[in-house]
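File shown: data36.pdb (PDB, C-alpha atoms and all ligand atoms).
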ATOM      1  CA  MET A   1      66.839  -3.564  17.236  1.00  0.00           C
ATOM      2  CA  LEU A   2      65.305  -2.101  20.406  1.00  0.00           C
ATOM      3  CA  LYS A   3      67.270  -1.035  23.444  1.00  0.00           C
ATOM      4  CA  ASP A   4      66.144  -1.339  27.046  1.00  0.00           C
ATOM      5  CA  LYS A   5      67.988   0.511  29.817  1.00  0.00           C
ATOM      6  CA  SER A   6      71.139  -1.517  29.546  1.00  0.00           C
ATOM      7  CA  ARG A   7      70.945  -4.075  26.796  1.00  0.00           C
ATOM      8  CA  LYS A   8      69.664  -4.739  23.316  1.00  0.00           C
ATOM      9  CA  VAL A   9      66.567  -6.797  22.644  1.00  0.00           C
ATOM     10  CA  GLU A  10      65.032  -7.918  19.339  1.00  0.00           C
ATOM     11  CA  LEU A  11      61.291  -8.297  18.800  1.00  0.00           C
ATOM     12  CA  LYS A  12      60.311 -11.824  17.640  1.00  0.00           C
ATOM     13  CA  VAL A  13      57.040 -13.615  16.912  1.00  0.00           C
ATOM     14  CA  SER A  14      56.612 -16.937  18.738  1.00  0.00           C
ATOM     15  CA  ALA A  15      54.769 -19.956  17.284  1.00  0.00           C
ATOM     16  CA  ASP A  16      51.332 -18.960  18.652  1.00  0.00           C
ATOM     17  CA  GLY A  17      51.610 -15.511  17.087  1.00  0.00           C
ATOM     18  CA  SER A  18      52.394 -13.672  20.341  1.00  0.00           C
ATOM     19  CA  HIS A  19      55.555 -11.620  20.589  1.00  0.00           C
ATOM     20  CA  THR A  20      58.641 -12.382  22.586  1.00  0.00           C
ATOM     21  CA  LEU A  21      62.006 -10.651  22.917  1.00  0.00           C
ATOM     22  CA  PHE A  22      65.430 -12.050  22.111  1.00  0.00           C
ATOM     23  CA  VAL A  23      68.507 -10.869  24.036  1.00  0.00           C
ATOM     24  CA  PRO A  24      71.565 -11.300  21.767  1.00  0.00           C
ATOM     25  CA  GLU A  25      73.959 -10.705  24.679  1.00  0.00           C
ATOM     26  CA  LEU A  26      72.559 -13.791  26.451  1.00  0.00           C
ATOM     27  CA  ASP A  27      71.471 -15.711  23.323  1.00  0.00           C
ATOM     28  CA  GLU A  28      68.172 -16.150  25.160  1.00  0.00           C
ATOM     29  CA  HIS A  29      64.470 -15.418  24.574  1.00  0.00           C
ATOM     30  CA  TYR A  30      62.095 -13.978  27.187  1.00  0.00           C
ATOM     31  CA  HIS A  31      59.604 -16.790  26.486  1.00  0.00           C
ATOM     32  CA  SER A  32      59.294 -20.121  24.733  1.00  0.00           C
ATOM     33  CA  VAL A  33      59.573 -19.729  20.962  1.00  0.00           C
ATOM     34  CA  ASN A  34      56.851 -22.433  20.819  1.00  0.00           C
ATOM     35  CA  GLY A  35      54.354 -19.833  22.056  1.00  0.00           C
ATOM     36  CA  ALA A  36      54.834 -17.023  24.579  1.00  0.00           C
ATOM     37  CA  HIS A  37      51.135 -16.603  25.397  1.00  0.00           C
ATOM     38  CA  ASN A  38      50.640 -20.361  25.585  1.00  0.00           C
ATOM     39  CA  GLU A  39      53.638 -20.745  27.917  1.00  0.00           C
ATOM     40  CA  ALA A  40      52.484 -17.961  30.258  1.00  0.00           C
ATOM     41  CA  MET A  41      49.012 -19.497  30.559  1.00  0.00           C
ATOM     42  CA  HIS A  42      50.385 -23.023  31.013  1.00  0.00           C
ATOM     43  CA  VAL A  43      53.146 -22.234  33.525  1.00  0.00           C
ATOM     44  CA  PHE A  44      51.821 -19.311  35.547  1.00  0.00           C
ATOM     45  CA  ILE A  45      48.122 -18.574  35.089  1.00  0.00           C
ATOM     46  CA  ASN A  46      46.611 -22.084  35.176  1.00  0.00           C
ATOM     47  CA  PRO A  47      48.771 -23.917  37.755  1.00  0.00           C
ATOM     48  CA  ALA A  48      49.420 -20.943  40.060  1.00  0.00           C
ATOM     49  CA  LEU A  49      46.889 -18.060  39.815  1.00  0.00           C
ATOM     50  CA  LEU A  50      43.857 -20.233  39.050  1.00  0.00           C
ATOM     51  CA  HIS A  51      45.042 -23.062  41.332  1.00  0.00           C
ATOM     52  CA  CYS A  52      45.273 -20.737  44.353  1.00  0.00           C
ATOM     53  CA  GLN A  53      42.043 -20.793  46.354  1.00  0.00           C
ATOM     54  CA  LYS A  54      42.524 -17.416  48.049  1.00  0.00           C
ATOM     55  CA  GLN A  55      40.297 -14.534  46.942  1.00  0.00           C
ATOM     56  CA  ASP A  56      42.681 -11.814  48.121  1.00  0.00           C
ATOM     57  CA  LEU A  57      46.183 -12.666  47.030  1.00  0.00           C
ATOM     58  CA  SER A  58      49.675 -11.259  46.784  1.00  0.00           C
ATOM     59  CA  ILE A  59      51.683 -12.231  43.741  1.00  0.00           C
ATOM     60  CA  LEU A  60      55.444 -11.883  43.257  1.00  0.00           C
ATOM     61  CA  GLU A  61      56.859 -11.964  39.748  1.00  0.00           C
ATOM     62  CA  ILE A  62      60.515 -12.396  38.845  1.00  0.00           C
ATOM     63  CA  GLY A  63      60.947 -10.449  36.537  1.00  0.00           C
ATOM     64  CA  LEU A  64      58.312  -8.237  34.905  1.00  0.00           C
ATOM     65  CA  GLY A  65      59.940  -8.083  31.436  1.00  0.00           C
ATOM     66  CA  THR A  66      57.306  -7.638  28.752  1.00  0.00           C
ATOM     67  CA  GLY A  67      54.452  -7.576  31.291  1.00  0.00           C
ATOM     68  CA  LEU A  68      52.804 -10.627  29.704  1.00  0.00           C
ATOM     69  CA  ASN A  69      52.269 -12.474  33.009  1.00  0.00           C
ATOM     70  CA  ALA A  70      50.933  -9.373  34.759  1.00  0.00           C
ATOM     71  CA  PHE A  71      48.594  -8.661  31.846  1.00  0.00           C
ATOM     72  CA  LEU A  72      47.269 -12.255  31.763  1.00  0.00           C
ATOM     73  CA  THR A  73      46.793 -12.111  35.529  1.00  0.00           C
ATOM     74  CA  TYR A  74      44.582  -9.058  35.004  1.00  0.00           C
ATOM     75  CA  ILE A  75      42.651 -10.850  32.219  1.00  0.00           C
ATOM     76  CA  ASN A  76      42.129 -13.917  34.459  1.00  0.00           C
ATOM     77  CA  GLN A  77      41.549 -12.011  37.692  1.00  0.00           C
ATOM     78  CA  GLY A  78      37.861 -12.958  37.980  1.00  0.00           C
ATOM     79  CA  GLN A  79      36.491 -11.897  41.372  1.00  0.00           C
ATOM     80  CA  LYS A  80      39.933 -11.961  43.024  1.00  0.00           C
ATOM     81  CA  THR A  81      41.686  -8.997  44.603  1.00  0.00           C
ATOM     82  CA  ILE A  82      45.293  -8.931  43.361  1.00  0.00           C
ATOM     83  CA  HIS A  83      48.353  -7.284  44.902  1.00  0.00           C
ATOM     84  CA  TYR A  84      51.043  -7.707  42.238  1.00  0.00           C
ATOM     85  CA  HIS A  85      54.709  -7.076  43.002  1.00  0.00           C
ATOM     86  CA  ALA A  86      56.998  -7.399  39.997  1.00  0.00           C
ATOM     87  CA  LEU A  87      60.781  -7.194  40.200  1.00  0.00           C
ATOM     88  CA  GLU A  88      62.837  -6.123  37.217  1.00  0.00           C
ATOM     89  CA  LYS A  89      66.540  -5.346  36.952  1.00  0.00           C
ATOM     90  CA  TYR A  90      66.350  -4.162  33.342  1.00  0.00           C
ATOM     91  CA  PRO A  91      63.049  -2.305  32.707  1.00  0.00           C
ATOM     92  CA  LEU A  92      61.983  -2.329  29.069  1.00  0.00           C
ATOM     93  CA  SER A  93      62.090   0.893  27.114  1.00  0.00           C
ATOM     94  CA  GLU A  94      58.752   2.474  26.189  1.00  0.00           C
ATOM     95  CA  GLU A  95      59.659   1.886  22.541  1.00  0.00           C
ATOM     96  CA  ALA A  96      59.940  -1.859  23.170  1.00  0.00           C
ATOM     97  CA  SER A  97      56.787  -2.226  25.262  1.00  0.00           C
ATOM     98  CA  GLN A  98      54.688  -0.275  22.724  1.00  0.00           C
ATOM     99  CA  GLN A  99      55.463  -2.774  19.982  1.00  0.00           C
ATOM    100  CA  LEU A 100      54.297  -5.854  21.900  1.00  0.00           C
ATOM    101  CA  ASN A 101      51.139  -7.419  20.484  1.00  0.00           C
ATOM    102  CA  PHE A 102      49.765  -9.151  23.627  1.00  0.00           C
ATOM    103  CA  ALA A 103      46.738  -6.868  23.903  1.00  0.00           C
ATOM    104  CA  ASP A 104      46.111  -6.308  20.202  1.00  0.00           C
ATOM    105  CA  ASN A 105      42.499  -6.948  19.182  1.00  0.00           C
ATOM    106  CA  THR A 106      41.372  -6.991  22.835  1.00  0.00           C
ATOM    107  CA  ASP A 107      39.539  -4.268  24.712  1.00  0.00           C
ATOM    108  CA  ALA A 108      42.228  -4.460  27.420  1.00  0.00           C
ATOM    109  CA  LYS A 109      44.848  -2.579  25.376  1.00  0.00           C
ATOM    110  CA  PRO A 110      44.551   0.513  27.648  1.00  0.00           C
ATOM    111  CA  ILE A 111      45.357  -1.699  30.656  1.00  0.00           C
ATOM    112  CA  PHE A 112      48.424  -3.144  28.935  1.00  0.00           C
ATOM    113  CA  ASN A 113      49.629   0.351  28.077  1.00  0.00           C
ATOM    114  CA  ARG A 114      48.937   1.548  31.618  1.00  0.00           C
ATOM    115  CA  LEU A 115      50.839  -1.408  33.045  1.00  0.00           C
ATOM    116  CA  HIS A 116      53.948  -0.155  31.277  1.00  0.00           C
ATOM    117  CA  GLN A 117      53.313   3.561  31.822  1.00  0.00           C
ATOM    118  CA  LEU A 118      52.748   3.415  35.583  1.00  0.00           C
ATOM    119  CA  PRO A 119      55.732   4.713  37.563  1.00  0.00           C
ATOM    120  CA  TRP A 120      58.292   2.387  39.073  1.00  0.00           C
ATOM    121  CA  ASP A 121      58.970   1.841  42.749  1.00  0.00           C
ATOM    122  CA  SER A 122      55.569   2.759  44.165  1.00  0.00           C
ATOM    123  CA  LYS A 123      52.323   0.859  44.554  1.00  0.00           C
ATOM    124  CA  GLN A 124      49.737   1.963  41.971  1.00  0.00           C
ATOM    125  CA  ASN A 125      46.200   0.976  40.996  1.00  0.00           C
ATOM    126  CA  LEU A 126      46.287  -0.783  37.653  1.00  0.00           C
ATOM    127  CA  ALA A 127      42.553  -1.555  37.682  1.00  0.00           C
ATOM    128  CA  PRO A 128      39.781  -2.070  40.248  1.00  0.00           C
ATOM    129  CA  ASN A 129      40.974  -4.607  42.841  1.00  0.00           C
ATOM    130  CA  PHE A 130      44.393  -4.809  41.194  1.00  0.00           C
ATOM    131  CA  THR A 131      47.403  -2.992  42.643  1.00  0.00           C
ATOM    132  CA  LEU A 132      50.727  -3.087  40.830  1.00  0.00           C
ATOM    133  CA  PHE A 133      54.104  -2.459  42.439  1.00  0.00           C
ATOM    134  CA  LYS A 134      56.832  -2.537  39.785  1.00  0.00           C
ATOM    135  CA  GLU A 135      60.183  -2.460  41.519  1.00  0.00           C
ATOM    136  CA  GLU A 136      63.418  -1.800  39.672  1.00  0.00           C
ATOM    137  CA  THR A 137      65.746  -4.005  41.638  1.00  0.00           C
ATOM    138  CA  ASP A 138      68.019  -7.026  41.608  1.00  0.00           C
ATOM    139  CA  LEU A 139      66.461 -10.181  43.068  1.00  0.00           C
ATOM    140  CA  THR A 140      69.820 -11.483  44.256  1.00  0.00           C
ATOM    141  CA  SER A 141      70.364  -8.559  46.655  1.00  0.00           C
ATOM    142  CA  LEU A 142      66.737  -7.773  47.559  1.00  0.00           C
ATOM    143  CA  VAL A 143      65.511  -8.189  51.136  1.00  0.00           C
ATOM    144  CA  PHE A 144      61.768  -8.947  51.091  1.00  0.00           C
ATOM    145  CA  SER A 145      59.416  -7.010  53.317  1.00  0.00           C
ATOM    146  CA  HIS A 146      56.130  -8.487  51.998  1.00  0.00           C
ATOM    147  CA  LYS A 147      54.587 -11.962  52.077  1.00  0.00           C
ATOM    148  CA  TYR A 148      53.270 -13.716  48.956  1.00  0.00           C
ATOM    149  CA  ASP A 149      50.673 -16.362  48.099  1.00  0.00           C
ATOM    150  CA  VAL A 150      51.813 -16.942  44.516  1.00  0.00           C
ATOM    151  CA  VAL A 151      55.261 -16.580  42.928  1.00  0.00           C
ATOM    152  CA  TYR A 152      55.809 -16.549  39.166  1.00  0.00           C
ATOM    153  CA  PHE A 153      59.486 -17.511  38.931  1.00  0.00           C
ATOM    154  CA  ASP A 154      60.310 -16.398  35.394  1.00  0.00           C
ATOM    155  CA  ALA A 155      64.060 -15.724  35.439  1.00  0.00           C
ATOM    156  CA  PHE A 156      66.282 -16.558  32.481  1.00  0.00           C
ATOM    157  CA  ALA A 157      67.426 -20.184  32.435  1.00  0.00           C
ATOM    158  CA  PRO A 158      69.847 -21.521  35.077  1.00  0.00           C
ATOM    159  CA  ASP A 159      72.694 -22.005  32.581  1.00  0.00           C
ATOM    160  CA  VAL A 160      72.379 -18.323  31.558  1.00  0.00           C
ATOM    161  CA  GLN A 161      71.751 -16.827  35.018  1.00  0.00           C
ATOM    162  CA  PRO A 162      72.830 -19.406  37.654  1.00  0.00           C
ATOM    163  CA  GLU A 163      72.831 -16.811  40.438  1.00  0.00           C
ATOM    164  CA  MET A 164      69.018 -16.493  40.170  1.00  0.00           C
ATOM    165  CA  TRP A 165      68.495 -20.219  40.892  1.00  0.00           C
ATOM    166  CA  SER A 166      70.678 -20.556  43.995  1.00  0.00           C
ATOM    167  CA  GLN A 167      69.557 -22.045  47.296  1.00  0.00           C
ATOM    168  CA  GLU A 168      70.075 -18.633  48.921  1.00  0.00           C
ATOM    169  CA  VAL A 169      67.579 -17.038  46.512  1.00  0.00           C
ATOM    170  CA  PHE A 170      64.967 -19.802  46.815  1.00  0.00           C
ATOM    171  CA  GLN A 171      65.318 -19.771  50.606  1.00  0.00           C
ATOM    172  CA  LYS A 172      64.558 -16.068  50.835  1.00  0.00           C
ATOM    173  CA  ILE A 173      61.576 -16.489  48.504  1.00  0.00           C
ATOM    174  CA  TYR A 174      60.353 -19.448  50.612  1.00  0.00           C
ATOM    175  CA  ASP A 175      60.712 -17.347  53.758  1.00  0.00           C
ATOM    176  CA  ALA A 176      58.721 -14.535  52.079  1.00  0.00           C
ATOM    177  CA  MET A 177      55.773 -16.814  51.205  1.00  0.00           C
ATOM    178  CA  HIS A 178      52.624 -17.458  53.223  1.00  0.00           C
ATOM    179  CA  PRO A 179      52.003 -21.058  54.322  1.00  0.00           C
ATOM    180  CA  GLY A 180      50.231 -22.792  51.425  1.00  0.00           C
ATOM    181  CA  GLY A 181      51.897 -20.442  48.939  1.00  0.00           C
ATOM    182  CA  ILE A 182      52.609 -21.674  45.400  1.00  0.00           C
ATOM    183  CA  LEU A 183      55.634 -21.015  43.150  1.00  0.00           C
ATOM    184  CA  THR A 184      55.708 -22.151  39.533  1.00  0.00           C
ATOM    185  CA  THR A 185      58.465 -22.088  36.950  1.00  0.00           C
ATOM    186  CA  TYR A 186      58.969 -23.377  33.421  1.00  0.00           C
ATOM    187  CA  CYS A 187      62.243 -24.991  34.479  1.00  0.00           C
ATOM    188  CA  ALA A 188      62.166 -28.695  35.410  1.00  0.00           C
ATOM    189  CA  LYS A 189      65.864 -29.372  36.008  1.00  0.00           C
ATOM    190  CA  GLY A 190      66.639 -31.912  38.737  1.00  0.00           C
ATOM    191  CA  ILE A 191      69.139 -29.569  40.389  1.00  0.00           C
ATOM    192  CA  VAL A 192      66.486 -26.821  40.626  1.00  0.00           C
ATOM    193  CA  ARG A 193      63.920 -29.256  42.066  1.00  0.00           C
ATOM    194  CA  ARG A 194      66.408 -30.485  44.685  1.00  0.00           C
ATOM    195  CA  THR A 195      67.414 -26.921  45.573  1.00  0.00           C
ATOM    196  CA  MET A 196      63.749 -26.032  46.143  1.00  0.00           C
ATOM    197  CA  GLN A 197      63.239 -29.159  48.262  1.00  0.00           C
ATOM    198  CA  ALA A 198      66.296 -28.259  50.361  1.00  0.00           C
ATOM    199  CA  CYS A 199      64.590 -24.941  51.169  1.00  0.00           C
ATOM    200  CA  GLY A 200      61.467 -26.705  52.455  1.00  0.00           C
ATOM    201  CA  PHE A 201      59.223 -26.696  49.373  1.00  0.00           C
ATOM    202  CA  THR A 202      57.145 -29.682  48.323  1.00  0.00           C
ATOM    203  CA  VAL A 203      57.789 -29.899  44.585  1.00  0.00           C
ATOM    204  CA  GLU A 204      55.571 -31.406  41.891  1.00  0.00           C
ATOM    205  CA  ARG A 205      56.580 -32.117  38.311  1.00  0.00           C
ATOM    206  CA  LEU A 206      53.739 -31.032  36.038  1.00  0.00           C
ATOM    207  CA  GLU A 207      53.364 -31.497  32.300  1.00  0.00           C
ATOM    208  CA  GLY A 208      55.303 -28.754  30.546  1.00  0.00           C
ATOM    209  CA  PRO A 209      54.045 -26.274  27.948  1.00  0.00           C
ATOM    210  CA  LYS A 210      54.407 -27.062  24.232  1.00  0.00           C
ATOM    211  CA  GLY A 211      57.985 -28.123  23.506  1.00  0.00           C
ATOM    212  CA  LYS A 212      58.855 -28.999  27.131  1.00  0.00           C
ATOM    213  CA  ARG A 213      58.217 -32.301  28.853  1.00  0.00           C
ATOM    214  CA  GLU A 214      57.876 -30.955  32.405  1.00  0.00           C
ATOM    215  CA  MET A 215      57.696 -27.841  34.603  1.00  0.00           C
ATOM    216  CA  LEU A 216      57.746 -27.384  38.388  1.00  0.00           C
ATOM    217  CA  ARG A 217      55.223 -26.301  41.002  1.00  0.00           C
ATOM    218  CA  ALA A 218      56.620 -25.773  44.500  1.00  0.00           C
ATOM    219  CA  THR A 219      54.334 -25.394  47.526  1.00  0.00           C
ATOM    220  CA  LYS A 220      55.157 -24.137  51.002  1.00  0.00           C
ATOM    221  CA  GLY A 221      53.493 -26.368  53.600  1.00  0.00           C
ATOM    222  CA  HIS A 222      51.073 -25.085  56.241  1.00  0.00           C
TER     223      HIS A 222
HETATM  224  C1  LIG B   1      62.801 -14.902  31.002  1.00  0.00           C
HETATM  225  S1  LIG B   1      62.578 -13.143  31.125  1.00  0.00           S
HETATM  226  C2  LIG B   1      60.840 -13.134  31.530  1.00  0.00           C
HETATM  227  C3  LIG B   1      60.242 -11.801  31.637  1.00  0.00           C
HETATM  228  C4  LIG B   1      58.745 -11.673  31.902  1.00  0.00           C
HETATM  229  N1  LIG B   1      58.242 -12.536  32.915  1.00  0.00           N
HETATM  230  C5  LIG B   1      57.952 -11.712  30.644  1.00  0.00           C
HETATM  231  O1  LIG B   1      56.991 -12.478  30.562  1.00  0.00           O
HETATM  232  O2  LIG B   1      58.271 -10.953  29.737  1.00  0.00           O
HETATM  233  C6  LIG B   1      63.445 -12.813  32.659  1.00  0.00           C
HETATM  234  C7  LIG B   1      63.304 -11.421  33.209  1.00  0.00           C
HETATM  235  O3  LIG B   1      64.046 -11.297  34.434  1.00  0.00           O
HETATM  236  C8  LIG B   1      64.733 -10.056  34.441  1.00  0.00           C
HETATM  237  N2  LIG B   1      65.913 -10.142  35.321  1.00  0.00           N
HETATM  238  C9  LIG B   1      67.139 -10.591  34.974  1.00  0.00           C
HETATM  239  N3  LIG B   1      67.969 -10.545  36.039  1.00  0.00           N
HETATM  240  C10 LIG B   1      67.247 -10.070  37.078  1.00  0.00           C
HETATM  241  C11 LIG B   1      67.561  -9.794  38.439  1.00  0.00           C
HETATM  242  N4  LIG B   1      68.785 -10.027  38.935  1.00  0.00           N
HETATM  243  N5  LIG B   1      66.587  -9.292  39.232  1.00  0.00           N
HETATM  244  C12 LIG B   1      65.329  -9.055  38.726  1.00  0.00           C
HETATM  245  N6  LIG B   1      64.987  -9.308  37.434  1.00  0.00           N
HETATM  246  C13 LIG B   1      65.930  -9.803  36.623  1.00  0.00           C
HETATM  247  C14 LIG B   1      65.079  -9.875  32.989  1.00  0.00           C
HETATM  248  O4  LIG B   1      65.419  -8.539  32.671  1.00  0.00           O
HETATM  249  C15 LIG B   1      63.819 -10.343  32.304  1.00  0.00           C
HETATM  250  O5  LIG B   1      62.870  -9.319  32.189  1.00  0.00           O
END
Please re-express this file's structure in structure tokens.
Ligand SMILES: C[S@@+](CC[C@H](N)C(=O)[O-])C[C@H]1O[C@@H](n2cnc3c(N)ncnc32)[C@H](O)[C@@H]1O
Amino acid sequence: MLKDKSRKVELKVSADGSHTLFVPELDEHYHSVNGAHNEAMHVFINPALLHCQKQDLSILEIGLGTGLNAFLTYINQGQKTIHYHALEKYPLSEEASQQLNFADNTDAKPIFNRLHQLPWDSKQNLAPNFTLFKEETDLTSLVFSHKYDVVYFDAFAPDVQPEMWSQEVFQKIYDAMHPGGILTTYCAKGIVRRTMQACGFTVERLEGPKGKREMLRATKGH
């Protein structure tokens, strides 16, 4: 049993061999048990990062957690310049992050370690053309002062954390996005889709990752 700043998490292996964390207090995993790496690629990297045509882009992640999405963004950065802003209310302990296997057998292990070692609450250089701003904060009370092209909306599920999926939250994210900006999430619930639409997003239902029929991609019009 590992402990982050305020709650216990257990290290688990998902179906594709990549790690995930289980939070007993919430009875919830950080990722799909059908494959954490596969889910991150399917929900965030392919339909958001690689779908976005901009070469210089600002990404918002809710929340940083294990750092898997940030790490895969680095791996799939290509020629893009990335400004990555990750929110996290419960930063992982060093003990927990050190056990994660996402970078094992890759030459990017030093980047994964650096991602977790960099200080919180200030913008840092993770790698060339990749700045990382890890902010220890609560999304529900945060007032945004940046604008984003891509949003990885990776909160715990609506039945576990309903306050993260409210119209108020999606409206402030919408308002903090550039025209043409893209938000993706693994969740495909009708209530979430309608809440996003009420904020002004155009919402597509895309094929979900393994084990899920659908996911959502929301776009802010020009
Ligand atoms: C489903 S997990 C995904 C984490 C991460 N994207 C990953 O791949 O490991 C949800 C994350 O949101 C964080 N979180 C929960 N409540 C939050 C809040 N109010 N504000 C910001 N982050 C929050 C959790 O601590 C957790 O790290």
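The coordinates place atom CA of A:Leu118 at 12.1 Å from atom CA of A:Pro91.
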In Å and to one decimal, atom CA of A:Val169 is distant from atom CA of A:Thr140 by 6.4 Å
At a cut-off of 10 Å around ligand LIG 1 (chain B), and using all atoms listed in the file, what residues come up? Please write them as a ChimeraX atom specification. /A:4-7,19-23,28-32,36-37,39-40,44,61-72,86-92,97,135-142,152-157,160-161,163-164,186
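Of the listed residues A:Asp159, A:Gly200, A:Leu206, A:Lys189, the one whose atoms come nearest to A:Asp175 is A:Gly200, with distances taken using all atoms listed in the file.
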Determine the nearest neighbour of A:Glu94 from the options A:Ile82, A:Val33, A:Leu115, A:Ala108, counting all atoms listed in the file. A:Leu115
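The residues returned by the PyMOL selection byres (((chain A and resi 204) around 9) and not hetatm) on the shown structure are Arg193, Thr202, Val203, Arg205, Leu206, Met215, Leu216, Arg217, Ala218 and Thr219 of chain A.
Distances here use all atoms listed in the file; by that measure, the residue among A:Gln77, A:Gln171, A:Gln98, A:Val150 closest to A:Ala127 is A:Gln77.
Ranking A:Val9, A:Asp149, A:Asn38, A:Arg194 by their shortest atom-to-atom distance to A:Tyr174, with all atoms listed in the file included, puts A:Asp149 first.
Pairwise distance (atom CA of A:Asp107, atom CA of A:Asn125) equals 18.4 Å.
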For A:Gln124, find every residue with an atom within 10 Å (counting only C-alpha atoms), except residues of its own chain fewer than 3 positions away, and show them as a PyMOL selection string. chain A and resi 83-84+115+118-121+127+130-134
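You can rank A:His51, A:His42, A:Lys8, A:Thr195 by their closest distance to A:Glu214 using all atoms listed in the file, and at the top of that list sits A:His42.
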Using the atoms already present, construct N, CA, C and O atoms for stretch 196-210 of chain A and hand them back as an mmCIF file, in the coordinates of the input.
data_model
loop_
_atom_site.group_PDB
_atom_site.id
_atom_site.type_symbol
_atom_site.label_atom_id
_atom_site.label_comp_id
_atom_site.auth_asym_id
_atom_site.auth_seq_id
_atom_site.Cartn_x
_atom_site.Cartn_y
_atom_site.Cartn_z
ATOM 1 N N MET A 196 65.022 -26.462 45.552
ATOM 2 C CA MET A 196 63.749 -26.032 46.143
ATOM 3 C C MET A 196 63.379 -26.920 47.340
ATOM 4 O O MET A 196 62.945 -26.424 48.374
ATOM 5 N N GLN A 197 63.571 -28.225 47.172
ATOM 6 C CA GLN A 197 63.239 -29.159 48.262
ATOM 7 C C GLN A 197 64.113 -28.882 49.488
ATOM 8 O O GLN A 197 63.635 -28.922 50.620
ATOM 9 N N ALA A 198 65.388 -28.543 49.246
ATOM 10 C CA ALA A 198 66.296 -28.259 50.361
ATOM 11 C C ALA A 198 65.859 -27.021 51.145
ATOM 12 O O ALA A 198 66.184 -26.859 52.318
ATOM 13 N N CYS A 199 65.088 -26.156 50.499
ATOM 14 C CA CYS A 199 64.590 -24.941 51.169
ATOM 15 C C CYS A 199 63.311 -25.217 51.955
ATOM 16 O O CYS A 199 62.864 -24.349 52.710
ATOM 17 N N GLY A 200 62.699 -26.376 51.731
ATOM 18 C CA GLY A 200 61.467 -26.705 52.455
ATOM 19 C C GLY A 200 60.248 -26.867 51.574
ATOM 20 O O GLY A 200 59.181 -27.260 52.051
ATOM 21 N N PHE A 201 60.370 -26.567 50.287
ATOM 22 C CA PHE A 201 59.223 -26.696 49.373
ATOM 23 C C PHE A 201 58.886 -28.168 49.114
ATOM 24 O O PHE A 201 59.778 -29.020 49.059
ATOM 25 N N THR A 202 57.595 -28.422 48.904
ATOM 26 C CA THR A 202 57.145 -29.682 48.323
ATOM 27 C C THR A 202 57.038 -29.409 46.827
ATOM 28 O O THR A 202 56.376 -28.437 46.427
ATOM 29 N N VAL A 203 57.700 -30.234 46.016
ATOM 30 C CA VAL A 203 57.789 -29.899 44.585
ATOM 31 C C VAL A 203 57.116 -30.966 43.723
ATOM 32 O O VAL A 203 57.381 -32.162 43.884
ATOM 33 N N GLU A 204 56.240 -30.504 42.845
ATOM 34 C CA GLU A 204 55.571 -31.406 41.891
ATOM 35 C C GLU A 204 56.134 -31.155 40.498
ATOM 36 O O GLU A 204 56.386 -30.012 40.132
ATOM 37 N N ARG A 205 56.245 -32.250 39.730
ATOM 38 C CA ARG A 205 56.580 -32.117 38.311
ATOM 39 C C ARG A 205 55.269 -32.163 37.540
ATOM 40 O O ARG A 205 54.539 -33.155 37.630
ATOM 41 N N LEU A 206 54.962 -31.097 36.831
ATOM 42 C CA LEU A 206 53.739 -31.032 36.038
ATOM 43 C C LEU A 206 54.105 -31.132 34.561
ATOM 44 O O LEU A 206 55.257 -30.860 34.182
ATOM 45 N N GLU A 207 53.127 -31.455 33.745
ATOM 46 C CA GLU A 207 53.364 -31.497 32.300
ATOM 47 C C GLU A 207 53.777 -30.105 31.824
ATOM 48 O O GLU A 207 53.167 -29.100 32.226
ATOM 49 N N GLY A 208 54.799 -30.048 30.998
ATOM 50 C CA GLY A 208 55.303 -28.754 30.546
ATOM 51 C C GLY A 208 54.470 -28.155 29.421
ATOM 52 O O GLY A 208 53.608 -28.826 28.850
ATOM 53 N N PRO A 209 54.723 -26.880 29.094
ATOM 54 C CA PRO A 209 54.045 -26.274 27.948
ATOM 55 C C PRO A 209 54.591 -26.873 26.652
ATOM 56 O O PRO A 209 55.565 -27.629 26.686
ATOM 57 N N LYS A 210 53.989 -26.511 25.535
ATOM 58 C CA LYS A 210 54.407 -27.062 24.232
ATOM 59 C C LYS A 210 55.934 -26.978 24.076
ATOM 60 O O LYS A 210 56.532 -25.929 24.316
#
